[in-house]
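J.: Below is the structure I would like to discuss, written out as structure tokens.
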Amino acid sequence: MTSIQKRVGGWGEQAAAEYLEKQGYTILARNYRAGHGEVDIIARLKNVLVFVEVKTRSSNRYGYPEHSVTPRKQTHIL
């Protein structure tokens, strides 16, 4: 990953965290590593725990961000 990609990704994660906080979520962890992977943001809204995978893209050239969270990634999060 290039430094530009890291900066764009960091910007996206910060924007997502700020958005969630404005919606009333409490950010519990960022870039949480466990086992074989990482979760970008772990947040809570009342009694609901939310795991957030942030995908920052400047275009849909490589597909939509939601398509990059594969069933395998979902299984890792679980």
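Starting from 1 in every chain, residues are counted up; chains themselves are A, B, ... following the order of the structure tokens, and ligands are numbered from 1 as listed.
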Using only C-alpha atoms, which residues sit within 12 Å of stretch 55-58 of chain A once same-chain residues fewer than 2 positions away are excluded, as a list in words?

T.: Ile4, Gln5, Lys6, Arg7, Val8, Gly9, Gly10, Trp11, Gly12, Glu13, Gln14, Ala15, Ala16, Val39, Asp40, Ile41, Val52, Glu53, Asn60, Arg61, Tyr62, Gly63, Tyr64, Pro65, Glu66, His67, Ser68 and Val69 of chain A

J.: Next, write the just-selected residues to a file, as a JSON list (two decimals), in the first residue's frame, keeping N, CA and C atoms as the atom set.

T.:
```
[["chain", "number", "residue", "atom", "x", "y", "z"],
["A", 4, "ILE", "N", 0.08, 7.35, -0.23],
["A", 4, "ILE", "CA", -1.14, 8.06, -0.64],
["A", 4, "ILE", "C", -2.37, 7.24, -0.26],
["A", 5, "GLN", "N", -2.33, 5.93, -0.52],
["A", 5, "GLN", "CA", -3.45, 5.07, -0.16],
["A", 5, "GLN", "C", -3.67, 5.08, 1.35],
["A", 6, "LYS", "N", -2.60, 5.07, 2.12],
["A", 6, "LYS", "CA", -2.72, 5.10, 3.58],
["A", 6, "LYS", "C", -3.35, 6.41, 4.04],
["A", 7, "ARG", "N", -2.94, 7.52, 3.42],
["A", 7, "ARG", "CA", -3.52, 8.82, 3.79],
["A", 7, "ARG", "C", -5.00, 8.90, 3.43],
["A", 8, "VAL", "N", -5.35, 8.42, 2.25],
["A", 8, "VAL", "CA", -6.76, 8.43, 1.83],
["A", 8, "VAL", "C", -7.57, 7.52, 2.75],
["A", 9, "GLY", "N", -7.03, 6.34, 3.05],
["A", 9, "GLY", "CA", -7.72, 5.42, 3.96],
["A", 9, "GLY", "C", -7.90, 6.01, 5.34],
["A", 10, "GLY", "N", -6.86, 6.66, 5.85],
["A", 10, "GLY", "CA", -6.94, 7.32, 7.17],
["A", 10, "GLY", "C", -7.97, 8.43, 7.17],
["A", 11, "TRP", "N", -8.02, 9.19, 6.06],
["A", 11, "TRP", "CA", -9.02, 10.24, 5.95],
["A", 11, "TRP", "C", -10.42, 9.64, 5.98],
["A", 12, "GLY", "N", -10.62, 8.56, 5.24],
["A", 12, "GLY", "CA", -11.93, 7.91, 5.20],
["A", 12, "GLY", "C", -12.35, 7.37, 6.55],
["A", 13, "GLU", "N", -11.42, 6.77, 7.27],
["A", 13, "GLU", "CA", -11.74, 6.24, 8.60],
["A", 13, "GLU", "C", -12.08, 7.37, 9.56],
["A", 14, "GLN", "N", -11.35, 8.48, 9.48],
["A", 14, "GLN", "CA", -11.65, 9.63, 10.34],
["A", 14, "GLN", "C", -13.02, 10.20, 10.02],
["A", 15, "ALA", "N", -13.32, 10.33, 8.73],
["A", 15, "ALA", "CA", -14.63, 10.84, 8.31],
["A", 15, "ALA", "C", -15.75, 9.92, 8.80],
["A", 16, "ALA", "N", -15.54, 8.62, 8.69],
["A", 16, "ALA", "CA", -16.55, 7.65, 9.14],
["A", 16, "ALA", "C", -16.77, 7.75, 10.64],
["A", 39, "VAL", "N", -10.46, -4.73, 12.34],
["A", 39, "VAL", "CA", -11.75, -4.05, 12.15],
["A", 39, "VAL", "C", -11.45, -2.56, 12.24],
["A", 40, "ASP", "N", -11.90, -1.80, 11.26],
["A", 40, "ASP", "CA", -11.57, -0.37, 11.22],
["A", 40, "ASP", "C", -12.14, 0.39, 12.41],
["A", 41, "ILE", "N", -13.42, 0.18, 12.69],
["A", 41, "ILE", "CA", -14.08, 0.89, 13.78],
["A", 41, "ILE", "C", -15.02, -0.05, 14.51],
["A", 52, "VAL", "N", -17.44, -1.80, 11.92],
["A", 52, "VAL", "CA", -17.46, -1.00, 10.70],
["A", 52, "VAL", "C", -16.19, -1.25, 9.88],
["A", 53, "GLU", "N", -16.37, -1.62, 8.64],
["A", 53, "GLU", "CA", -15.27, -1.74, 7.68],
["A", 53, "GLU", "C", -15.36, -0.53, 6.76],
["A", 60, "ASN", "N", -15.68, 4.54, -8.67],
["A", 60, "ASN", "CA", -16.16, 3.15, -8.66],
["A", 60, "ASN", "C", -15.42, 2.29, -9.68],
["A", 61, "ARG", "N", -14.27, 2.76, -10.10],
["A", 61, "ARG", "CA", -13.47, 2.05, -11.10],
["A", 61, "ARG", "C", -13.20, 0.60, -10.72],
["A", 62, "TYR", "N", -12.97, 0.36, -9.45],
["A", 62, "TYR", "CA", -12.69, -1.00, -8.98],
["A", 62, "TYR", "C", -13.90, -1.63, -8.30],
["A", 63, "GLY", "N", -15.07, -1.07, -8.53],
["A", 63, "GLY", "CA", -16.29, -1.60, -7.94],
["A", 63, "GLY", "C", -16.74, -0.76, -6.77],
["A", 64, "TYR", "N", -17.89, -1.09, -6.27],
["A", 64, "TYR", "CA", -18.46, -0.37, -5.14],
["A", 64, "TYR", "C", -17.83, -0.86, -3.84],
["A", 65, "PRO", "N", -17.63, 0.05, -2.89],
["A", 65, "PRO", "CA", -16.99, -0.34, -1.62],
["A", 65, "PRO", "C", -17.67, -1.51, -0.92],
["A", 66, "GLU", "N", -19.00, -1.53, -0.95],
["A", 66, "GLU", "CA", -19.73, -2.59, -0.23],
["A", 66, "GLU", "C", -19.47, -3.97, -0.83],
["A", 67, "HIS", "N", -19.05, -4.02, -2.08],
["A", 67, "HIS", "CA", -18.74, -5.31, -2.70],
["A", 67, "HIS", "C", -17.39, -5.86, -2.28],
["A", 68, "SER", "N", -16.55, -5.02, -1.69],
["A", 68, "SER", "CA", -15.23, -5.48, -1.27],
["A", 68, "SER", "C", -15.24, -6.12, 0.12],
["A", 69, "VAL", "N", -16.36, -6.04, 0.82],
["A", 69, "VAL", "CA", -16.49, -6.73, 2.11],
["A", 69, "VAL", "C", -17.09, -8.09, 1.80]]
```

J.: Could you tell me how far atom CA of A:Tyr25 lies from atom CA of A:Lys46, in Å and to one decimal?

T.: 7.9 Å

J.: If I take atom CA of A:Lys22 and atom CA of A:Pro71, how far is one from the other in Å, to one decimal?

T.: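 Separating atom CA of A:Lys22 from atom CA of A:Pro71 is a distance of 29.0 Å.
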
J.: Can you tell me, as a ChimeraX atom specification, which residues in stretch 6-70 of chain A count as strand (DSSP E) by DSSP?

T.: /A:26-34,37-45,48-52

J.: Identify which of the residues A:Val48, A:Thr2, A:Glu38, A:Ser59 lies closest to A:Gly24, counting only C-alpha atoms when measuring atom-to-atom distances.

T.: A:Val48

J.: Choose the residue, out of A:Ala34, A:Leu20, A:Leu78, A:Leu28, that has the smallest atom-to-atom separation from A:Val54; count only C-alpha atoms.

T.: A:Leu20

J.: Have a look at atom CA of A:Arg72 and atom CA of A:Arg33 and let me know their distance in Å, one decimal.

T.: 16.3 Å
